[in-house]
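Have a look at coords-v3.pdb below; it lists PDB, C-alpha atoms.
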```pdb
ATOM      1  CA  MET A 535       0.000   0.000   0.000  1.00  0.00           C
ATOM      2  CA  LEU A 536       1.260   3.440  -0.902  1.00  0.00           C
ATOM      3  CA  SER A 537       0.480   6.632   0.974  1.00  0.00           C
ATOM      4  CA  VAL A 538      -0.049   9.725  -1.171  1.00  0.00           C
ATOM      5  CA  GLU A 539      -0.818  13.036   0.583  1.00  0.00           C
ATOM      6  CA  GLY A 540      -2.397  11.290   3.562  1.00  0.00           C
ATOM      7  CA  HIS A 541      -4.448   8.856   1.424  1.00  0.00           C
ATOM      8  CA  ASN A 542      -3.800   5.153   1.262  1.00  0.00           C
ATOM      9  CA  VAL A 543      -3.571   3.999  -2.333  1.00  0.00           C
ATOM     10  CA  VAL A 544      -3.457   0.386  -3.439  1.00  0.00           C
ATOM     11  CA  VAL A 545      -1.103  -0.124  -6.363  1.00  0.00           C
ATOM     12  CA  ILE A 546      -1.938  -3.070  -8.567  1.00  0.00           C
ATOM     13  CA  ASP A 547       0.686  -4.529 -10.841  1.00  0.00           C
ATOM     14  CA  LYS A 548      -1.247  -5.632 -13.928  1.00  0.00           C
ATOM     15  CA  ASN A 549       1.744  -7.713 -15.009  1.00  0.00           C
ATOM     16  CA  ASP A 550       1.541  -9.785 -11.832  1.00  0.00           C
ATOM     17  CA  GLU A 551       0.609 -13.426 -12.494  1.00  0.00           C
ATOM     18  CA  ALA A 552      -1.731 -13.503  -9.486  1.00  0.00           C
ATOM     19  CA  PHE A 553      -3.618 -10.459 -10.828  1.00  0.00           C
ATOM     20  CA  LYS A 554      -3.991 -12.087 -14.242  1.00  0.00           C
ATOM     21  CA  ARG A 555      -5.262 -15.362 -12.767  1.00  0.00           C
ATOM     22  CA  GLN A 556      -7.726 -13.560 -10.480  1.00  0.00           C
ATOM     23  CA  ALA A 557      -8.955 -11.441 -13.394  1.00  0.00           C
ATOM     24  CA  VAL A 558      -9.649 -14.571 -15.435  1.00  0.00           C
ATOM     25  CA  GLU A 559     -11.342 -16.335 -12.500  1.00  0.00           C
ATOM     26  CA  HIS A 560     -13.521 -13.263 -11.979  1.00  0.00           C
ATOM     27  CA  TRP A 561     -14.491 -13.245 -15.657  1.00  0.00           C
ATOM     28  CA  LEU A 562     -15.341 -16.964 -15.660  1.00  0.00           C
ATOM     29  CA  ARG A 563     -17.633 -16.576 -12.638  1.00  0.00           C
ATOM     30  CA  ALA A 564     -19.188 -13.256 -13.622  1.00  0.00           C
ATOM     31  CA  GLU A 565     -22.377 -13.048 -15.615  1.00  0.00           C
ATOM     32  CA  ARG A 566     -21.146 -10.020 -17.516  1.00  0.00           C
ATOM     33  CA  PRO A 567     -19.392  -9.655 -20.870  1.00  0.00           C
ATOM     34  CA  GLY A 568     -15.622  -9.906 -20.968  1.00  0.00           C
ATOM     35  CA  THR A 569     -15.409  -6.417 -22.450  1.00  0.00           C
ATOM     36  CA  GLN A 570     -17.092  -5.007 -19.347  1.00  0.00           C
ATOM     37  CA  ILE A 571     -14.844  -6.991 -17.000  1.00  0.00           C
ATOM     38  CA  ALA A 572     -11.751  -5.797 -18.885  1.00  0.00           C
ATOM     39  CA  ARG A 573     -12.930  -2.175 -18.682  1.00  0.00           C
ATOM     40  CA  GLU A 574     -13.546  -2.506 -14.930  1.00  0.00           C
ATOM     41  CA  LEU A 575     -10.052  -3.931 -14.408  1.00  0.00           C
ATOM     42  CA  GLY A 576      -8.390  -1.354 -16.655  1.00  0.00           C
ATOM     43  CA  VAL A 577      -7.045  -3.881 -19.158  1.00  0.00           C
ATOM     44  CA  SER A 578      -7.820  -4.519 -22.800  1.00  0.00           C
ATOM     45  CA  TYR A 579     -10.302  -7.209 -23.762  1.00  0.00           C
ATOM     46  CA  PRO A 580      -7.799  -8.998 -26.077  1.00  0.00           C
ATOM     47  CA  CYS A 581      -5.358  -9.074 -23.163  1.00  0.00           C
ATOM     48  CA  LEU A 582      -8.006 -10.626 -20.872  1.00  0.00           C
ATOM     49  CA  LYS A 583      -8.821 -13.222 -23.556  1.00  0.00           C
ATOM     50  CA  GLU A 584      -5.126 -14.090 -23.880  1.00  0.00           C
ATOM     51  CA  TRP A 585      -4.847 -14.591 -20.122  1.00  0.00           C
ATOM     52  CA  LYS A 586      -7.896 -16.848 -20.196  1.00  0.00           C
ATOM     53  CA  ARG A 587      -6.378 -18.919 -22.997  1.00  0.00           C
ATOM     54  CA  ARG A 588      -3.063 -19.129 -21.142  1.00  0.00           C
ATOM     55  CA  TYR A 589      -4.431 -20.080 -17.714  1.00  0.00           C
ATOM     56  CA  HIS A 590      -7.662 -21.892 -18.504  1.00  0.00           C
ATOM     57  CA  GLY A 591      -7.393 -23.101 -22.069  1.00  0.00           C
ATOM     58  CA  SER A 592     -10.802 -23.347 -23.665  1.00  0.00           C
ATOM     59  CA  ALA A 593     -12.742 -22.656 -20.461  1.00  0.00           C
ATOM     60  CA  THR A 594     -15.741 -20.454 -21.131  1.00  0.00           C
ATOM     61  CA  PRO A 595     -17.577 -18.175 -18.739  1.00  0.00           C
ATOM     62  CA  ALA A 596     -20.271 -19.820 -16.610  1.00  0.00           C
ATOM     63  CA  ARG A 597     -23.078 -18.034 -18.442  1.00  0.00           C
ATOM     64  CA  ALA A 598     -22.505 -20.333 -21.463  1.00  0.00           C
ATOM     65  CA  ASP A 599     -23.373 -23.307 -19.257  1.00  0.00           C
ATOM     66  CA  LEU A 600     -26.439 -21.438 -18.059  1.00  0.00           C
ATOM     67  CA  ALA A 601     -27.559 -20.824 -21.630  1.00  0.00           C
ATOM     68  CA  VAL A 602     -27.310 -24.536 -22.437  1.00  0.00           C
ATOM     69  CA  GLU A 603     -29.164 -25.446 -19.257  1.00  0.00           C
ATOM     70  CA  ASN A 604     -31.793 -22.797 -19.978  1.00  0.00           C
ATOM     71  CA  ARG A 605     -32.454 -24.240 -23.463  1.00  0.00           C
ATOM     72  CA  ALA A 606     -32.754 -27.764 -22.020  1.00  0.00           C
ATOM     73  CA  LEU A 607     -35.148 -26.604 -19.306  1.00  0.00           C
ATOM     74  CA  LYS A 608     -37.303 -24.734 -21.827  1.00  0.00           C
ATOM     75  CA  ALA A 609     -37.532 -27.872 -23.981  1.00  0.00           C
ATOM     76  CA  GLU A 610     -38.474 -29.975 -20.956  1.00  0.00           C
ATOM     77  CA  LEU A 611     -41.073 -27.403 -19.903  1.00  0.00           C
ATOM     78  CA  ALA A 612     -42.654 -27.492 -23.367  1.00  0.00           C
ATOM     79  CA  ARG A 613     -42.804 -31.309 -23.231  1.00  0.00           C
ATOM     80  CA  VAL A 614     -44.352 -31.313 -19.750  1.00  0.00           C
ATOM     81  CA  ARG A 615     -46.921 -28.690 -20.772  1.00  0.00           C
ATOM     82  CA  GLU A 616     -47.903 -30.816 -23.747  1.00  0.00           C
ATOM     83  CA  GLN A 617     -48.319 -33.850 -21.480  1.00  0.00           C
ATOM     84  CA  ARG A 618     -50.408 -31.780 -19.060  1.00  0.00           C
ATOM     85  CA  ASP A 619     -52.681 -30.573 -21.863  1.00  0.00           C
ATOM     86  CA  ILE A 620     -53.170 -34.131 -23.107  1.00  0.00           C
ATOM     87  CA  LEU A 621     -54.055 -35.283 -19.591  1.00  0.00           C
ATOM     88  CA  LYS A 622     -56.516 -32.401 -19.168  1.00  0.00           C
ATOM     89  CA  LYS A 623     -58.279 -33.315 -22.416  1.00  0.00           C
ATOM     90  CA  THR A 624     -58.353 -36.989 -21.449  1.00  0.00           C
ATOM     91  CA  LEU A 625     -59.789 -36.178 -18.037  1.00  0.00           C
ATOM     92  CA  GLY A 626     -62.410 -33.960 -19.663  1.00  0.00           C
ATOM     93  CA  ILE A 627     -63.460 -36.749 -22.020  1.00  0.00           C
ATOM     94  CA  LEU A 628     -63.598 -39.338 -19.242  1.00  0.00           C
ATOM     95  CA  SER A 629     -65.504 -36.971 -16.958  1.00  0.00           C
ATOM     96  CA  GLU A 630     -68.300 -36.321 -19.444  1.00  0.00           C
ATOM     97  CA  PRO A 631     -71.357 -38.465 -18.791  1.00  0.00           C
ATOM     98  CA  SER A 632     -71.813 -40.939 -21.607  1.00  0.00           C
ATOM     99  CA  LYS A 633     -74.912 -40.545 -23.787  1.00  0.00           C
ATOM    100  CA  ARG A 634     -75.966 -44.109 -22.984  1.00  0.00           C
ATOM    101  CA  ALA A 635     -75.843 -43.554 -19.227  1.00  0.00           C
ATOM    102  CA  THR A 636     -77.851 -40.334 -19.561  1.00  0.00           C
ATOM    103  CA  SER A 637     -80.557 -41.839 -21.763  1.00  0.00           C
ATOM    104  CA  ALA A 638     -80.824 -44.959 -19.553  1.00  0.00           C
ATOM    105  CA  SER A 639     -81.392 -42.874 -16.426  1.00  0.00           C
ATOM    106  CA  LYS A 640     -84.229 -40.960 -18.141  1.00  0.00           C
ATOM    107  CA  THR A 641     -86.113 -44.161 -18.826  1.00  0.00           C
TER
END
```
Go ahead and render the structure in this file as structure tokens.
Amino acid sequence: MLSVEGHNVVVIDKNDEAFKRQAVEHWLRAERPGTQIARELGVSYPCLKEWKRRYHGSATPARADLAVENRALKAELARVREQRDILKKTLGILSEPSKRATSASKT
């Protein structure tokens, strides 16, 4: 920590390996675009992408996994809704009094 005119200032070395790794970890966990993360950290987006490639290979941010899961859940929801609608129609048909039973009770 550096003291400038009575203020404590934290100096961050952007060339520090720990900073680079933490920046990439933050990006992978964040649900924000890499460009925004880079801007917040004061580095360029291509630089952040290079660090990600260097330290995590082809790892992608968590939001990609969420998008895949979201698509799967939407498909499952559509299937379950269709099953529900079929069951509702079936129940409606089975619940209707049959014409034979109605005419037999009138006699």
One decimal, in Å: what's the spacing between CA of Gln556 (chain A) and CA of Ala572 (chain A)?
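If I compute the distance from CA of Gln556 (chain A) to CA of Ala572 (chain A), I get 12.1 Å.
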12 Å contact set for Arg555 (chain A), only C-alpha atoms, chain neighbours under 5 positions out, as a list in words:
Lys548, Asn549, Asp550, His560, Trp561, Leu562, Leu582, Lys583, Glu584, Trp585, Lys586, Arg587, Arg588, Tyr589 and His590 of chain A
For CA of Asn604 (chain A) and CA of Glu565 (chain A), the interatomic separation in Å (one decimal):
14.2 Å
Report as lines of an AutoDock Vina configuration file the centre and the edge lengths, in Å to one decimal, of the axis-aligned box holding every listed atom of region 546-560 of chain A, padded by 8 Å on each side.
```
center_x = -5.9
center_y = -9.7
center_z = -12.0
size_x = 31.3
size_y = 29.3
size_z = 22.9
```
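The coordinates place CA of Leu600 (chain A) at 23.1 Å from CA of Glu574 (chain A).
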Residue contacts of Tyr579 (chain A) (9 Å, all atoms listed in the file) excluding same-chain residues fewer than 5 positions away, as a list in words
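Here the answer would be Gly568, Thr569, Gln570, Ile571, Ala572, Arg573 and Glu584 of chain A.
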